[in-house]
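Raw contents of final10.txt, compact mmCIF, C-alpha atoms:
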```txt
# COMPACT_ATOMS: atom_id res chain seq x y z
CA MET A 1 -14.89 65.84 99.68
CA THR A 2 -14.28 63.96 102.88
CA PRO A 3 -12.22 65.56 105.68
CA GLU A 4 -9.38 63.14 104.84
CA ILE A 5 -9.26 64.25 101.20
CA ILE A 6 -9.31 67.90 102.19
CA GLN A 7 -6.53 67.21 104.66
CA ASN A 8 -4.41 65.55 101.98
CA LYS A 9 -4.93 68.41 99.54
CA LEU A 10 -4.03 70.96 102.20
CA ASP A 11 -0.86 68.98 102.88
CA THR A 12 -0.09 69.15 99.16
CA CYS A 13 -0.44 72.94 99.25
CA LEU A 14 1.96 73.07 102.17
CA LYS A 15 4.47 70.80 100.45
CA HIS A 16 4.32 72.94 97.32
CA ILE A 17 5.23 76.16 99.05
CA GLN A 18 7.93 74.43 101.10
CA GLU A 19 9.57 73.11 97.94
CA GLU A 20 8.81 75.92 95.48
CA GLY A 21 8.91 78.92 97.78
CA LEU A 22 6.83 81.77 96.43
CA LYS A 23 6.72 80.52 92.85
CA ASN A 24 3.29 79.99 91.30
CA LEU A 25 1.76 81.52 94.43
CA PRO A 26 -1.58 82.55 92.84
CA GLN A 27 -2.51 78.94 92.04
CA VAL A 28 -1.56 77.77 95.52
CA ILE A 29 -3.64 80.50 97.16
CA HIS A 30 -6.52 79.70 94.82
CA ASP A 31 -6.36 76.02 95.77
CA LEU A 32 -6.15 76.85 99.44
CA ASP A 33 -9.13 79.22 99.29
CA TYR A 34 -11.19 76.53 97.56
CA LEU A 35 -10.19 73.89 100.11
CA MET A 36 -11.00 76.22 102.99
CA ASN A 37 -14.52 76.67 101.60
CA GLN A 38 -14.82 72.90 101.20
CA ARG A 39 -13.68 72.43 104.76
CA ILE A 40 -16.40 74.77 106.01
CA GLU A 41 -19.04 72.88 104.02
CA GLU A 42 -17.86 69.54 105.39
CA GLU A 43 -17.80 70.82 108.96
CA ARG A 44 -21.45 71.83 108.66
CA LYS A 45 -22.34 68.19 107.94
CA LEU A 46 -20.58 66.89 111.05
CA SER A 47 -22.02 66.53 114.52
CA LEU A 48 -20.57 68.72 117.27
CA GLY A 49 -18.43 65.81 118.46
CA GLN A 50 -17.13 65.12 114.96
CA GLN A 51 -16.44 68.83 114.43
CA TYR A 52 -14.31 68.84 117.55
CA MET A 53 -12.34 65.77 116.44
CA HIS A 54 -11.67 66.96 112.88
CA GLY A 55 -11.44 70.68 113.60
CA SER A 56 -7.90 70.58 114.95
CA ASP A 57 -6.69 68.74 111.82
CA PHE A 58 -8.23 71.32 109.54
CA TYR A 59 -6.84 74.20 111.54
CA GLU A 60 -3.39 72.65 111.78
CA ALA A 61 -3.08 72.17 108.01
CA THR A 62 -4.31 75.71 107.35
CA GLN A 63 -1.97 77.15 109.98
CA ASN A 64 0.98 75.30 108.52
CA TYR A 65 0.33 76.80 105.11
CA TYR A 66 0.10 80.39 106.30
CA LEU A 67 3.06 80.00 108.64
CA GLU A 68 5.15 78.65 105.77
CA LEU A 69 4.02 81.56 103.61
CA LEU A 70 5.09 84.00 106.32
CA LYS A 71 8.44 82.25 106.76
CA GLN A 72 9.16 82.53 103.04
CA TYR A 73 7.99 86.13 102.91
CA MET A 74 10.05 87.20 105.93
CA ARG A 75 13.14 85.52 104.55
CA GLU A 76 12.86 86.98 101.05
CA PHE A 77 11.56 90.48 101.77
CA HIS A 78 12.92 91.24 105.25
CA GLN A 79 15.95 88.90 105.51
CA MET A 80 14.51 87.61 108.75
CA ASN A 81 14.17 84.04 110.01
CA LEU A 82 10.89 83.01 111.58
CA GLN A 83 11.01 80.15 114.06
CA VAL A 84 7.83 78.11 114.46
CA VAL A 85 7.43 76.52 117.90
CA GLU A 86 4.73 74.43 119.53
CA ASP A 87 4.50 76.38 122.79
CA PRO A 88 1.34 78.54 122.68
CA ASN A 89 2.55 80.69 125.59
CA ILE A 90 5.60 82.27 123.95
CA ALA A 91 4.06 85.72 124.17
CA LEU A 92 1.32 87.53 126.07
CA ALA A 93 -0.86 87.21 122.97
CA GLY A 94 -0.07 83.50 122.70
CA ILE A 95 0.61 83.93 118.96
CA ALA A 96 4.06 85.43 118.41
CA GLY A 97 6.89 87.00 120.31
CA TYR A 98 10.33 88.51 119.87
CA ASP A 99 13.06 87.54 122.35
CA SER A 100 15.67 90.31 122.35
CA ILE A 101 18.08 88.21 124.44
CA THR A 102 18.31 85.41 121.86
CA ASP A 103 17.35 87.68 118.94
CA THR A 104 14.67 85.20 117.91
CA LEU A 105 11.27 85.82 116.34
CA ARG A 106 8.95 82.97 117.23
CA VAL A 107 5.43 82.04 116.15
CA SER A 108 3.19 79.59 117.95
CA ALA A 109 2.07 76.78 115.65
CA SER A 110 -0.80 75.87 117.96
CA GLY A 111 -2.10 79.39 118.47
CA PHE A 112 -1.89 80.95 115.02
CA LEU A 113 -5.52 80.55 113.94
CA LEU A 114 -7.17 79.15 117.06
CA GLY A 115 -9.23 81.15 119.51
CA GLY A 116 -11.31 82.76 116.78
CA ARG A 117 -8.41 84.75 115.31
CA SER A 118 -8.53 85.62 111.64
CA LYS A 119 -5.59 85.13 109.27
CA THR A 120 -5.24 88.90 109.07
CA SER A 121 -5.16 89.36 112.83
CA SER A 122 -2.59 86.61 113.30
CA MET A 123 -0.37 87.93 110.49
CA GLN A 124 -0.54 91.41 111.99
CA THR A 125 0.68 89.99 115.28
CA VAL A 126 3.59 88.27 113.56
CA PHE A 127 4.58 91.45 111.72
CA HIS A 128 4.14 93.42 114.94
CA GLU A 129 6.71 91.21 116.64
CA ALA A 130 8.93 91.32 113.55
CA ARG A 131 8.98 95.11 113.92
CA HIS A 132 10.29 94.72 117.47
CA LYS A 133 13.21 92.76 116.03
CA MET A 134 13.84 95.54 113.51
CA GLN A 135 13.74 98.06 116.33
CA HIS A 136 16.35 96.13 118.30
CA ASP A 137 18.53 95.75 115.21
CA SER A 138 18.54 99.54 114.79
CA TYR A 139 19.62 100.10 118.40
CA LYS A 140 22.99 98.56 117.50
CA ALA A 141 23.87 101.31 115.00
CA LYS A 142 27.11 103.02 116.02
CA THR A 143 27.40 105.72 113.34
CA TYR A 144 25.08 108.07 111.52
CA GLU A 145 25.74 106.12 108.33
CA GLU A 146 24.42 102.99 110.02
CA ALA A 147 21.51 104.90 111.56
CA PHE A 148 20.44 106.14 108.11
CA GLU A 149 19.74 102.50 107.18
CA TYR A 150 16.76 102.53 109.58
CA PRO A 151 13.67 104.74 109.96
CA GLU A 152 14.53 108.03 111.69
CA ASN A 153 12.06 107.42 114.51
CA MET A 154 14.36 104.74 115.92
CA ILE A 155 15.96 107.59 117.90
CA ILE A 156 12.82 108.10 119.97
CA LEU A 157 12.22 104.35 120.21
CA VAL A 158 15.69 103.51 121.52
CA LYS A 159 15.32 106.13 124.25
CA GLU A 160 11.98 104.67 125.28
CA GLU A 161 13.33 101.11 125.14
CA ALA A 162 16.28 102.02 127.36
CA PHE A 163 13.91 103.74 129.78
CA ILE A 164 11.62 100.70 129.91
CA THR A 165 14.48 98.30 130.70
CA GLY A 166 15.36 100.44 133.72
CA HIS A 167 11.91 100.04 135.22
CA SER A 168 9.76 97.20 136.45
CA GLU A 169 7.51 94.95 134.41
CA ALA A 170 4.61 96.66 136.15
CA PHE A 171 5.59 99.93 134.46
CA TYR A 172 5.47 98.27 131.04
CA LYS A 173 2.04 96.75 131.65
CA THR A 174 0.60 99.95 133.11
CA ASN A 175 1.81 102.16 130.27
CA TYR A 176 1.60 99.62 127.43
CA LYS A 177 -1.10 101.38 125.40
CA ASP A 178 0.91 104.64 125.42
CA LEU A 179 4.31 103.24 124.42
CA TYR A 180 5.67 104.45 121.09
CA ILE A 181 7.48 101.16 120.50
CA GLU A 182 4.08 99.44 120.48
CA THR A 183 2.37 102.10 118.35
CA ASP A 184 5.22 101.80 115.85
CA ALA A 185 4.91 98.00 115.80
CA ASP A 186 1.13 98.17 115.38
CA GLU A 187 1.50 100.57 112.47
CA PHE A 188 4.04 98.32 110.80
CA GLY A 189 1.83 95.27 111.31
CA PHE A 190 -1.13 96.85 109.53
CA VAL A 191 0.93 98.20 106.65
CA ALA A 192 2.86 94.94 106.19
CA VAL A 193 -0.29 92.83 105.93
CA ARG A 194 -1.84 95.24 103.46
CA ILE A 195 1.12 95.17 101.09
CA LEU A 196 2.04 91.50 101.49
CA LEU A 197 -0.05 90.24 98.58
CA GLU A 198 0.79 93.28 96.47
CA ASN A 199 4.49 92.53 96.86
CA LEU A 200 3.99 88.89 95.98
CA ILE A 201 1.88 89.74 92.91
CA ARG A 202 4.45 92.28 91.76
CA ARG A 203 7.26 89.77 92.26
CA TYR A 204 5.36 87.09 90.37
CA LYS A 205 4.70 89.39 87.42
CA HIS A 206 8.29 90.62 87.44
CA GLN A 207 9.43 87.06 86.77
CA GLY A 208 7.60 87.27 83.44
CA ASN A 209 4.59 85.19 84.47
CA GLU A 210 1.12 86.27 83.44
CA LEU A 211 -1.73 85.89 85.87
CA SER A 212 -4.87 84.31 84.49
CA MET A 213 -8.12 86.17 84.96
CA GLU A 214 -9.15 83.62 87.59
CA ASP A 215 -5.89 84.02 89.52
CA GLU A 216 -6.14 87.80 89.35
CA ILE A 217 -9.70 87.77 90.69
CA THR A 218 -8.77 85.34 93.46
CA LEU A 219 -5.80 87.40 94.60
CA ARG A 220 -7.72 90.65 94.53
CA LYS A 221 -10.56 89.06 96.45
CA LEU A 222 -8.21 87.79 99.16
CA GLN A 223 -6.46 91.13 99.30
CA LYS A 224 -9.79 92.95 99.69
CA ILE A 225 -10.80 90.64 102.53
CA MET A 226 -7.47 91.15 104.29
CA ILE A 227 -7.69 94.94 103.94
CA GLU A 228 -11.26 94.99 105.24
CA ASP A 229 -10.33 92.82 108.22
CA SER A 230 -7.29 95.01 108.84
CA SER A 231 -9.39 98.17 108.69
CA LYS A 232 -11.79 96.78 111.29
CA ASP A 233 -8.92 95.97 113.65
CA GLU A 234 -7.37 99.38 112.99
CA GLN A 235 -10.66 101.12 113.79
CA ARG A 236 -10.70 99.41 117.16
CA LEU A 237 -7.30 100.95 117.88
CA TYR A 238 -8.58 104.35 116.80
CA ASP A 239 -11.52 103.95 119.17
CA ALA A 240 -9.06 103.14 121.96
CA ASN A 241 -7.00 106.27 121.12
CA ARG A 242 -4.02 104.15 120.07
CA PHE A 243 -3.90 105.46 116.50
CA THR A 244 -4.51 109.19 116.63
CA THR A 245 -2.72 111.80 114.53
CA ARG A 246 -0.91 113.01 117.65
CA THR A 247 0.38 109.61 118.77
CA ARG A 248 1.45 108.69 115.24
CA ARG A 249 3.39 111.94 114.73
CA GLU A 250 5.05 111.58 118.11
CA ALA A 251 5.91 107.92 117.55
CA MET A 252 7.49 108.93 114.23
CA GLY A 253 9.57 111.60 115.98
CA MET A 254 7.87 114.38 114.00
CA ASP A 255 6.66 116.16 117.16
CA PRO A 256 8.01 116.23 120.74
CA PRO A 257 6.49 113.56 123.02
CA THR A 258 3.58 114.68 125.16
CA GLY A 259 1.53 113.13 127.93
CA GLU A 260 2.53 111.29 131.04
CA PHE A 261 3.85 107.95 132.23
CA GLU A 262 2.55 106.36 135.40
CA ILE A 263 5.62 105.40 137.42
CA ASP A 264 5.11 103.73 140.82
CA GLY A 265 1.64 105.23 141.04
CA GLU A 266 2.83 108.74 140.19
CA LYS A 267 2.19 110.65 136.96
CA GLN A 268 5.33 112.06 135.33
CA ASP A 269 5.98 114.03 132.14
CA ARG A 270 7.14 111.31 129.73
CA LEU A 271 9.51 113.51 127.71
CA ILE A 272 11.29 114.83 130.79
CA ALA A 273 11.33 111.46 132.59
CA VAL A 274 12.90 109.65 129.62
CA ASP A 275 15.38 112.43 128.83
CA GLN A 276 16.65 112.73 132.38
CA TYR A 277 16.93 108.98 132.82
CA ILE A 278 18.98 108.59 129.63
CA LYS A 279 21.31 111.48 130.49
CA SER A 280 21.88 110.18 134.02
CA HIS A 281 22.78 106.68 132.79
CA PRO A 282 25.64 107.06 130.26
CA GLU A 283 26.39 103.36 130.61
CA LEU A 284 23.31 102.65 128.49
CA VAL A 285 25.35 103.26 125.35
CA MET A 286 27.02 99.90 125.95
CA GLU A 287 23.71 98.10 125.46
CA TYR A 288 22.23 100.63 123.04
CA PRO A 289 25.08 102.03 120.85
CA LEU A 290 22.59 104.20 118.93
CA LEU A 291 22.28 106.40 122.03
CA ASN A 292 25.90 107.47 121.61
CA LEU A 293 24.80 109.64 118.67
CA VAL A 294 22.66 111.82 120.94
CA MET A 295 24.23 111.51 124.38
CA ASN A 296 25.11 114.85 126.02
CA LYS A 297 25.52 116.91 122.84
CA ASP A 298 24.63 120.61 122.66
CA TYR A 299 22.71 122.29 119.87
CA ASP A 300 25.79 123.53 118.00
CA GLU A 301 27.30 120.03 117.93
CA ILE A 302 24.08 118.55 116.58
CA MET A 303 23.82 121.22 113.87
CA LYS A 304 27.45 120.70 112.86
CA GLU A 305 26.88 116.96 112.48
CA LYS A 306 23.69 117.60 110.51
CA ALA A 307 25.54 119.94 108.13
CA SER A 308 28.00 117.18 107.25
CA PHE A 309 25.15 115.05 105.84
CA ILE A 310 22.69 117.62 104.52
CA GLU A 311 24.14 117.54 100.99
CA SER A 312 24.63 113.79 100.62
CA ARG A 313 21.43 112.72 102.43
CA PRO A 314 19.21 115.84 102.60
CA ASP A 315 15.84 114.22 103.36
CA GLN A 316 17.17 111.58 105.73
CA ALA A 317 19.38 114.04 107.58
CA GLU A 318 16.53 116.53 107.98
CA ARG A 319 14.21 113.90 109.46
CA LEU A 320 16.81 112.17 111.64
CA PHE A 321 18.19 115.33 113.22
CA GLN A 322 14.73 116.79 113.72
CA CYS A 323 13.84 113.62 115.61
CA ILE A 324 16.97 114.04 117.75
CA ILE A 325 15.95 117.62 118.57
CA ASN A 326 12.31 116.72 119.25
CA THR A 327 13.26 114.14 121.88
CA ASP A 328 15.50 116.48 123.90
CA PRO A 329 13.73 119.33 125.78
CA MET A 330 16.71 121.69 125.82
CA LEU A 331 17.58 121.10 122.18
CA TYR A 332 13.97 121.71 121.19
CA LEU A 333 13.77 124.97 123.16
CA GLU A 334 16.93 126.29 121.55
CA ASP A 335 15.78 125.20 118.09
CA CYS A 336 12.52 127.11 118.50
CA ILE A 337 14.32 130.25 119.66
CA ARG A 338 16.98 130.20 116.94
CA ASN A 339 14.49 129.57 114.15
CA GLY A 340 11.77 131.93 115.32
CA LYS A 341 9.21 129.22 116.05
CA GLU A 342 7.21 131.32 118.51
CA TYR A 343 3.97 129.34 118.33
CA GLU A 344 5.76 125.98 118.75
CA LEU A 345 7.74 127.40 121.67
CA GLN A 346 4.64 128.58 123.54
CA VAL A 347 2.84 125.27 122.94
CA PHE A 348 5.88 123.34 124.18
CA LEU A 349 6.18 125.41 127.38
CA LYS A 350 2.47 124.99 128.06
CA LYS A 351 2.61 121.21 127.61
CA HIS A 352 5.72 120.84 129.80
CA PRO A 353 5.21 123.19 132.77
CA THR A 354 7.76 121.43 135.01
CA LEU A 355 10.81 122.24 132.83
CA LYS A 356 12.05 124.87 135.28
CA GLU A 357 12.04 122.34 138.11
CA HIS A 358 14.04 119.70 136.23
CA TYR A 359 16.40 121.84 134.13
CA PRO A 360 17.35 124.94 136.20
CA GLU A 361 21.06 124.91 135.30
CA GLU A 362 20.44 124.09 131.63
CA LEU A 363 17.92 126.94 131.37
CA LYS A 364 20.39 129.37 132.94
CA ARG A 365 23.02 128.39 130.35
CA LEU A 366 20.45 128.85 127.59
CA ALA A 367 19.64 132.31 128.98
CA GLU A 368 23.30 133.28 128.46
CA LYS A 369 22.84 132.66 124.72
CA THR A 370 19.53 134.48 124.23
CA ASP A 371 17.46 137.30 125.66
CA HIS A 372 14.18 135.68 124.63
CA PRO A 373 11.39 136.84 127.00
CA ALA A 374 10.06 133.31 127.54
CA ILE A 375 13.45 132.13 128.80
CA LYS A 376 13.82 135.22 130.96
CA GLN A 377 10.45 134.46 132.50
CA LEU A 378 11.55 130.89 133.24
CA ILE A 379 14.75 132.11 134.86
CA ALA A 380 12.76 134.55 137.02
CA SER A 381 10.55 131.65 138.14
CA ILE A 382 13.62 129.55 138.95
CA ASN A 383 15.11 132.35 141.07
CA GLN A 384 11.88 132.47 143.07
CA LEU A 385 12.00 128.75 143.90
```

Take the structure in the file and give it back as structure tokens.
Amino acid sequence: MTPEIIQNKLDTCLKHIQEEGLKNLPQVIHDLDYLMNQRIEEERKLSLGQQYMHGSDFYEATQNYYLELLKQYMREFHQMNLQVVEDPNIALAGIAGYDSITDTLRVSASGFLLGGRSKTSSMQTVFHEARHKMQHDSYKAKTYEEAFEYPENMIILVKEEAFITGHSEAFYKTNYKDLYIETDADEFGFVAVRILLENLIRRYKHQGNELSMEDEITLRKLQKIMIEDSSKDEQRLYDANRFTTRTRREAMGMDPPTGEFEIDGEKQDRLIAVDQYIKSHPELVMEYPLLNLVMNKDYDEIMKEKASFIESRPDQAERLFQCIINTDPMLYLEDCIRNGKEYELQVFLKKHPTLKEHYPEELKRLAEKTDHPAIKQLIASINQL
């Protein structure tokens, strides 16, 4: 086939999905895969100059198809609109970006597959940015009932987001690889790409359509390729210590945050820095209503609120309120003491040695409730300061 014929057939694929949505998807993907292979064969026959001239046309048609697929998928499975723009510089990655001010998720038409990026890598970037929109949507929750509609780790993410907005862009760039909002978005991107075709296959079968053997093989082949590509990208993040068990558990709110942020050239305990910033800026609840659920509440208040949901939403309530406790140093200390978590208490005190310097009054009030030796020792240290 000549480049022109391939171009026309790719345009037909694009028109089909624009008009039919996700119906008869297996055949469309099969046709596209075949045309992509034909395109590669044709490019090999061209001179370098001809490859340059025709390459952009091939890429543009292929990009349009996958972008339209993503638009349909986002709309039907995530109730989210994807805006395709021509500007390749809409995000640092040049592929996709979420603008929280205009609440717009944008994808660059000219950067989606260029620069040697695979379909999988580009889709992961789109889903990564889509997760940022989901994060911002959750920050608007004003009640526990609304908060239960989102993953429980949004509590830790909203605190980090509020902290980030109060600091310079330099802080964000310096600490980017350690931010939970980015780890959470990366995780979502990988998972979303892996299940995308599975969801579409399941939806297609649910409509009563039977996949032919050829369609089934094609879809499974594409899925296998996408998973393998995804796994390679994921391994790179593991190698860079982005996806460790510790960072994943902390980003999910399952364990208290550890480690440090670099702020104006100085290393600071991230849990303490974020907690104190949030508590000293009550006006943040205006921009992030979700914070109102955790702002300046003591342990007894939190437990009373948890009890009101533990019967109707046992699993969600357990996870959400544990996340609230894990992101507040004083709540976590009291929780360990009241529930006899001696090992967790000692580990926490070891990982956060500056608690006595930042929470002297809070620790004294806690000492009035308990005669735990670890708290007594902290109070003795405070009195010596």

Item to complete: Write out as a PyMOL selection string which residues come within 12 Å of Gln346 of chain A when counting all atoms listed in the file, dropping same-chain ones fewer than 3 positions away.
Response: chain A and resi 332-333+336-337+340-343+349-353+372-375

Could those selected residues go to a file with C-alpha atoms, as an mmCIF file, keeping the file's coordinate frame?
```cif
data_model
loop_
_atom_site.group_PDB
_atom_site.id
_atom_site.type_symbol
_atom_site.label_atom_id
_atom_site.label_comp_id
_atom_site.auth_asym_id
_atom_site.auth_seq_id
_atom_site.Cartn_x
_atom_site.Cartn_y
_atom_site.Cartn_z
ATOM 1 C CA TYR A 332 13.970 121.710 121.190
ATOM 2 C CA LEU A 333 13.770 124.970 123.160
ATOM 3 C CA CYS A 336 12.520 127.110 118.500
ATOM 4 C CA ILE A 337 14.320 130.250 119.660
ATOM 5 C CA GLY A 340 11.770 131.930 115.320
ATOM 6 C CA LYS A 341 9.210 129.220 116.050
ATOM 7 C CA GLU A 342 7.210 131.320 118.510
ATOM 8 C CA TYR A 343 3.970 129.340 118.330
ATOM 9 C CA LEU A 349 6.180 125.410 127.380
ATOM 10 C CA LYS A 350 2.470 124.990 128.060
ATOM 11 C CA LYS A 351 2.610 121.210 127.610
ATOM 12 C CA HIS A 352 5.720 120.840 129.800
ATOM 13 C CA PRO A 353 5.210 123.190 132.770
ATOM 14 C CA HIS A 372 14.180 135.680 124.630
ATOM 15 C CA PRO A 373 11.390 136.840 127.000
ATOM 16 C CA ALA A 374 10.060 133.310 127.540
ATOM 17 C CA ILE A 375 13.450 132.130 128.800
#
```

Worksheet item: Which residues come within 6 Å of segment 182-190 of chain A, counting only C-alpha atoms, excluding same-chain residues fewer than 4 positions away, as a list of chain:residue names?
Response: A:Gln124, A:Phe127, A:His128, A:Arg131

Worksheet item: Closest to Thr327 of chain A among A:Lys304, A:His167, A:Arg270, A:Lys177, using all atoms listed in the file?
Response: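 Closest to Thr327 of chain A of all the choices is A:Arg270.
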
Worksheet item: What lies within 12 Å of Ile101 of chain A using all atoms listed in the file, ignoring chain neighbours under 6 positions off, as a ChimeraX atom specification?
Response: /A:133,136-137,287

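Going from atom CA of Leu345 of chain A to atom CA of Glu160 of chain A covers 23.4 Å.
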
Worksheet item: Quick one: residues within 10 Å of Thr104 of chain A, only C-alpha atoms counted, chain neighbours fewer than 2 positions away excluded, as a PyMOL selection string?
Response: chain A and resi 80-83+97-102+106-107+130+133

Print the selection's residues with C-alpha atoms to a file, as a short mmCIF file (atom, residue, chain, number, x, y, z; two decimals), keeping the file's coordinate frame.
```cif
data_model
loop_
_atom_site.label_atom_id
_atom_site.label_comp_id
_atom_site.auth_asym_id
_atom_site.auth_seq_id
_atom_site.Cartn_x
_atom_site.Cartn_y
_atom_site.Cartn_z
CA MET A 80 14.51 87.61 108.75
CA ASN A 81 14.17 84.04 110.01
CA LEU A 82 10.89 83.01 111.58
CA GLN A 83 11.01 80.15 114.06
CA GLY A 97 6.89 87.00 120.31
CA TYR A 98 10.33 88.51 119.87
CA ASP A 99 13.06 87.54 122.35
CA SER A 100 15.67 90.31 122.35
CA ILE A 101 18.08 88.21 124.44
CA THR A 102 18.31 85.41 121.86
CA ARG A 106 8.95 82.97 117.23
CA VAL A 107 5.43 82.04 116.15
CA ALA A 130 8.93 91.32 113.55
CA LYS A 133 13.21 92.76 116.03
#
```

Worksheet entry | Non-local contacts of segment 311-326 of chain A (10 Å; only C-alpha atoms; under 5 positions in same chain excluded) as a PyMOL selection string | chain A and resi 144-145+147-156+250-257+271+293-294+299+302-303+305-306+331-335

Worksheet entry | For Pro282 of chain A, the nearest of the candidates A:Lys159, A:Lys267, A:Arg338, A:Lys140, counting all atoms listed in the file | A:Lys159

Practice prompt. Kindly give the distance, in Å, that separates atom CA of Gly259 of chain A and atom CA of Ala141 of chain A, rounded to a single decimal.
Written response: 28.4 Å
